[in-house]
$ cat model18.cif   # mmCIF, C-alpha atoms
data_protein
#
loop_
_atom_site.label_atom_id
_atom_site.label_comp_id
_atom_site.auth_asym_id
_atom_site.auth_seq_id
_atom_site.Cartn_x
_atom_site.Cartn_y
_atom_site.Cartn_z
CA MET G 1 83.40 98.73 71.71
CA ILE G 2 86.88 98.33 73.15
CA GLN G 3 88.29 100.24 76.12
CA ILE G 4 91.40 100.15 78.27
CA VAL G 5 90.84 101.88 81.62
CA ARG G 6 92.63 102.51 84.90
CA GLU G 7 89.61 102.86 87.17
CA PRO G 8 87.30 100.06 88.39
CA ILE G 9 85.18 98.57 85.58
CA ALA G 10 81.46 99.28 85.92
CA TYR G 11 80.40 95.96 84.45
CA HIS G 12 76.65 96.00 85.10
CA PRO G 13 75.98 98.69 82.46
CA LEU G 14 78.10 96.73 79.98
CA CYS G 15 75.76 93.73 80.20
CA GLU G 16 72.80 96.07 79.69
CA LYS G 17 74.48 97.80 76.78
CA VAL G 18 74.65 94.67 74.61
CA ARG G 19 70.99 93.65 75.09
CA THR G 20 69.02 94.01 71.83
CA SER G 21 65.56 92.93 70.73
CA HIS G 22 66.81 90.48 68.08
CA CYS G 23 69.32 88.73 70.40
CA GLY G 24 68.06 86.04 72.74
CA ALA G 25 71.41 85.41 74.42
CA VAL G 26 73.74 87.68 76.41
CA VAL G 27 77.00 86.33 77.81
CA CYS G 28 79.06 88.39 80.22
CA PHE G 29 82.53 87.21 81.29
CA LEU G 30 84.48 88.79 84.16
CA GLY G 31 88.13 87.99 84.81
CA THR G 32 88.80 88.74 88.49
CA VAL G 33 91.87 88.70 90.73
CA ARG G 34 92.17 85.31 92.47
CA ASP G 35 93.89 84.90 95.81
CA LEU G 36 95.29 81.37 95.40
CA THR G 37 97.38 79.82 92.62
CA GLY G 38 98.31 76.35 93.90
CA SER G 39 99.79 77.15 97.30
CA ARG G 40 100.86 80.70 96.38
CA ILE G 41 98.86 83.46 98.03
CA THR G 42 98.38 86.53 95.84
CA THR G 43 97.52 89.88 97.43
CA SER G 44 97.27 91.97 94.25
CA LEU G 45 98.04 91.99 90.54
CA GLU G 46 99.71 94.84 88.70
CA TYR G 47 98.73 95.18 85.02
CA GLU G 48 100.59 97.07 82.31
CA ALA G 49 100.13 97.24 78.53
CA HIS G 50 101.62 98.37 75.27
CA GLU G 51 98.46 100.38 75.10
CA SER G 52 98.29 101.53 71.48
CA MET G 53 99.08 98.03 70.21
CA ALA G 54 96.74 96.38 72.73
CA LEU G 55 93.87 98.58 71.50
CA LYS G 56 94.67 97.71 67.92
CA ILE G 57 94.75 93.95 68.56
CA LEU G 58 91.62 94.05 70.71
CA ASN G 59 89.83 95.77 67.84
CA GLN G 60 91.12 93.07 65.47
CA ILE G 61 89.73 90.41 67.83
CA GLU G 62 86.33 92.16 67.82
CA THR G 63 86.42 92.12 64.01
CA GLU G 64 87.28 88.39 63.98
CA VAL G 65 84.40 87.67 66.37
CA ARG G 66 81.91 89.69 64.33
CA GLN G 67 82.98 87.86 61.16
CA ARG G 68 82.60 84.44 62.75
CA TRP G 69 79.43 84.81 64.86
CA PRO G 70 76.17 86.79 64.42
CA ILE G 71 76.99 89.41 67.04
CA GLY G 72 74.31 91.87 68.06
CA ASP G 73 76.61 94.00 70.19
CA PHE G 74 80.07 93.51 71.72
CA VAL G 75 81.96 95.29 74.48
CA LEU G 76 85.33 94.53 76.03
CA VAL G 77 86.98 96.57 78.79
CA HIS G 78 90.42 95.77 80.26
CA ARG G 79 91.75 97.51 83.36
CA LEU G 80 95.40 98.43 84.04
CA GLY G 81 97.21 99.34 87.26
CA LEU G 82 97.18 97.73 90.70
CA LEU G 83 94.16 95.49 91.37
CA GLU G 84 93.30 93.92 94.71
CA VAL G 85 91.94 90.38 95.15
CA GLY G 86 88.36 90.19 93.88
CA GLU G 87 88.59 93.17 91.55
CA VAL G 88 87.65 92.89 87.87
CA ALA G 89 90.54 92.96 85.40
CA ILE G 90 88.53 92.31 82.23
CA ALA G 91 84.86 92.40 81.31
CA ILE G 92 83.47 91.01 78.05
CA ALA G 93 79.78 91.27 77.19
CA LEU G 94 78.19 90.24 73.93
CA SER G 95 74.84 89.26 72.48
CA THR G 96 73.79 86.87 69.70
CA PRO G 97 70.40 85.51 68.58
CA HIS G 98 71.05 82.07 70.18
CA ARG G 99 73.08 80.92 73.18
CA GLN G 100 75.58 78.56 71.56
CA SER G 101 77.15 81.27 69.45
CA ALA G 102 77.24 83.65 72.42
CA PHE G 103 79.16 81.15 74.58
CA GLU G 104 81.53 80.29 71.73
CA ALA G 105 82.20 83.92 70.82
CA CYS G 106 82.90 84.88 74.42
CA GLU G 107 85.26 81.94 74.99
CA TYR G 108 87.09 82.71 71.75
CA THR G 109 87.46 86.36 72.79
CA ILE G 110 89.02 85.67 76.19
CA GLU G 111 91.29 82.94 74.77
CA ARG G 112 92.61 85.34 72.11
CA VAL G 113 93.13 88.09 74.69
CA LYS G 114 95.18 85.74 76.84
CA GLN G 115 97.25 84.53 73.88
CA THR G 116 98.20 87.62 71.98
CA VAL G 117 97.20 91.03 73.38
CA PRO G 118 100.24 92.89 74.78
CA ILE G 119 99.04 93.20 78.37
CA TRP G 120 101.02 91.78 81.30
CA LYS G 121 100.43 91.15 84.98
CA LYS G 122 102.84 91.00 87.88
CA GLU G 123 101.84 89.00 90.94
CA HIS G 124 102.33 90.54 94.36
CA LEU G 125 102.55 87.68 96.86
CA ILE G 126 101.78 87.70 100.56
CA ASP G 127 105.46 87.29 101.48
CA GLY G 128 106.31 90.53 99.67
CA GLN G 129 107.78 88.83 96.58
CA THR G 130 106.72 89.94 93.13
CA GLU G 131 106.81 87.97 89.89
CA TRP G 132 105.85 88.69 86.28
CA VAL G 133 103.45 86.14 84.79
CA HIS G 134 105.19 85.14 81.56
CA HIS G 135 104.20 81.46 81.44
CA GLY G 136 103.12 81.37 77.79
CA GLU G 137 104.93 81.30 74.49
CA ARG G 138 105.73 84.15 72.12
CA PRO G 139 102.57 86.21 71.63
CA ASP G 140 103.07 86.26 67.83
CA LYS G 141 103.36 82.44 67.56
CA GLN G 142 100.02 81.38 69.02
CA PRO G 143 97.73 78.83 67.32
CA MET G 144 94.14 79.90 66.70
CA PRO G 145 91.71 78.68 69.41
CA SER G 146 89.69 75.55 68.64
CA GLN G 147 86.54 77.56 67.85
CA LEU G 148 88.16 78.63 64.57
CA LYS G 149 89.51 75.22 63.59
CA ASN G 150 86.19 73.66 62.61
CA MET A 1 120.04 103.96 61.23
CA LYS A 2 118.31 104.76 64.48
CA LEU A 3 115.45 102.77 66.01
CA ASN A 4 113.29 103.72 68.97
CA LEU A 5 112.94 100.87 71.48
CA LEU A 6 110.13 100.19 73.92
CA PHE A 7 110.49 97.57 76.67
CA PHE A 8 107.62 96.04 78.63
CA ALA A 9 107.10 93.97 81.78
CA LYS A 10 110.07 91.71 82.65
CA ALA A 11 112.03 92.94 79.60
CA ARG A 12 111.67 96.50 80.92
CA GLU A 13 112.88 95.46 84.37
CA LEU A 14 115.83 93.51 82.95
CA VAL A 15 117.12 96.45 80.89
CA GLY A 16 116.13 99.03 83.50
CA VAL A 17 114.45 101.50 81.12
CA THR A 18 111.08 101.87 79.41
CA GLU A 19 112.40 103.56 76.28
CA SER A 20 115.73 103.68 74.54
CA SER A 21 117.22 104.05 71.09
CA LEU A 22 119.62 101.88 69.15
CA THR A 23 121.71 102.57 66.06
CA ILE A 24 122.19 99.62 63.71
CA PRO A 25 123.53 99.31 60.14
CA GLU A 26 121.20 99.89 57.18
CA GLY A 27 119.73 96.71 55.74
CA CYS A 28 119.37 94.94 59.08
CA ARG A 29 116.50 92.54 59.59
CA VAL A 30 114.61 91.68 62.77
CA MET A 31 116.84 88.61 63.31
CA ASP A 32 119.91 90.91 63.25
CA LEU A 33 118.22 93.25 65.71
CA ARG A 34 117.66 90.33 68.08
CA GLN A 35 121.42 89.61 68.07
CA GLU A 36 122.27 93.28 68.55
CA LEU A 37 119.84 93.56 71.46
CA ILE A 38 121.56 90.65 73.21
CA ARG A 39 124.96 92.31 72.62
CA VAL A 40 123.81 95.66 74.05
CA TYR A 41 121.63 94.16 76.78
CA PRO A 42 123.24 90.80 77.69
CA GLN A 43 120.73 90.48 80.53
CA LEU A 44 118.09 89.71 77.86
CA ALA A 45 119.90 86.52 76.81
CA GLY A 46 117.69 83.51 77.44
CA PHE A 47 114.57 85.68 77.64
CA LEU A 48 114.48 87.53 74.31
CA ASP A 49 113.81 84.26 72.44
CA ARG A 50 110.46 84.12 74.25
CA CYS A 51 109.61 87.71 73.32
CA ALA A 52 107.85 88.95 70.19
CA ILE A 53 109.16 92.04 68.43
CA ALA A 54 106.57 94.52 67.20
CA ILE A 55 107.28 97.28 64.71
CA GLU A 56 104.87 100.22 64.77
CA ASN A 57 102.23 98.14 66.59
CA GLU A 58 102.50 95.11 64.26
CA PHE A 59 104.09 91.77 65.10
CA SER A 60 107.19 91.32 62.95
CA SER A 61 108.77 88.30 61.28
CA ASP A 62 112.49 87.51 61.70
CA GLU A 63 113.07 88.23 57.98
CA GLN A 64 111.41 91.66 58.06
CA LEU A 65 113.66 94.53 56.96
CA LEU A 66 114.02 97.34 59.49
CA VAL A 67 113.27 100.93 58.55
CA PRO A 68 114.95 104.00 60.11
CA GLU A 69 113.19 105.95 62.87
CA THR A 70 110.57 103.26 63.49
CA THR A 71 109.41 102.22 66.95
CA VAL A 72 110.28 98.67 67.95
CA ALA A 73 108.62 97.08 70.98
CA ILE A 74 109.95 94.09 72.92
CA LEU A 75 106.93 92.05 74.04
CA PRO A 76 107.34 89.20 76.58
CA PRO A 77 104.79 86.36 76.72
CA VAL A 78 101.52 88.08 77.56
CA SER A 79 99.31 87.58 80.61
CA GLY A 80 96.32 89.86 80.25
CA GLY A 81 92.81 88.97 81.38
#
$ encode --input "model18.cif" --output "structure tokens"
Amino acid sequence: MIQIVREPIAYHPLCEKVRTSHCGAVVCFLGTVRDLTGSRITTSLEYEAHESMALKILNQIETEVRQRWPIGDFVLVHRLGLLEVGEVAIAIALSTPHRQSAFEACEYTIERVKQTVPIWKKEHLIDGQTEWVHHGERPDKQPMPSQLKN
Amino acid sequence: MKLNLLFFAKARELVGVTESSLTIPEGCRVMDLRQELIRVYPQLAGFLDRCAIAIENEFSSDEQLLVPETTVAILPPVSGG
């Protein structure tokens, strides 16, 4: 299940949702707003998306993950809008029969999201400055994460 | 032919609009569109090379032929999560 939302992410029910009787491992990842990057003090992050394309690529990522690992259930929710320090920007929860595949699948998912899904954040700094975070390369020219290379 | 343009994040702020349209000659490819975008929006020079161009929600290649009335999105390096 993939969702893009504008309200706070209720992540506890997501972890419950993916629990199944044949899966012995549940991994839940939360990406939260951090206050310090080096010496820069962030007060909030503003997220925007090319929403229809982001949903499409997130669904493609779920398909890739389900093809590669024995997923019991999978949920990913990304939030847009203005988020304060400490708030949850993304929640990923998934289950597999054994822990190694759950950790690998979750790491792969967040790496792919950060490489290629058309969602952007703008940092609001304590001195009133704002700056788009565009550190990476072209989102269509990204190598596959290492989990798929073996 | 006419294309619908969508700009996001820093690209949107550089051009000053979220949506626009652009008329280009028939037979143009994505690489030609990149040049035309720089001509119309010179403020994108130096940044557009780092952006992907998506056509109808699919990443495009530079050689891809453009089709009239399609929606073209300018996508800067992403920073979700």
$ interface_residues --input "model18.cif" --of "chain A" --to "chain G" --cutoff "6 Å" --atoms "all atoms listed in the file" --output "ChimeraX atom specification"
/A:50-52,57,77-81
$ write_last_selection --input "model18.cif" --atoms "C-alpha atoms" --output "mmCIF file, in the coordinates of the input"
data_model
loop_
_atom_site.group_PDB
_atom_site.id
_atom_site.type_symbol
_atom_site.label_atom_id
_atom_site.label_comp_id
_atom_site.auth_asym_id
_atom_site.auth_seq_id
_atom_site.Cartn_x
_atom_site.Cartn_y
_atom_site.Cartn_z
ATOM 1 C CA ARG A 50 110.460 84.120 74.250
ATOM 2 C CA CYS A 51 109.610 87.710 73.320
ATOM 3 C CA ALA A 52 107.850 88.950 70.190
ATOM 4 C CA ASN A 57 102.230 98.140 66.590
ATOM 5 C CA PRO A 77 104.790 86.360 76.720
ATOM 6 C CA VAL A 78 101.520 88.080 77.560
ATOM 7 C CA SER A 79 99.310 87.580 80.610
ATOM 8 C CA GLY A 80 96.320 89.860 80.250
ATOM 9 C CA GLY A 81 92.810 88.970 81.380
#
$ resolve_selection --input "model18.cif" --expression "the PyMOL selection byres ((chain A and resi 11) around 12)" --output "PyMOL selection string"
(chain G and resi 120+132+134) or (chain A and resi 5-10+12-19+37-38+41-53+73-78)
$ atom_distance --input "model18.cif" --atom1 "atom CA of A:Ile55" --atom2 "atom CA of A:Arg39"
20.0 Å
$ atom_distance --input "model18.cif" --atom1 "atom CA of G:Arg6" --atom2 "atom CA of A:Thr70"
27.9 Å
$ atom_distance --input "model18.cif" --atom1 "atom CA of G:Ser146" --atom2 "atom CA of G:Arg34"
25.9 Å
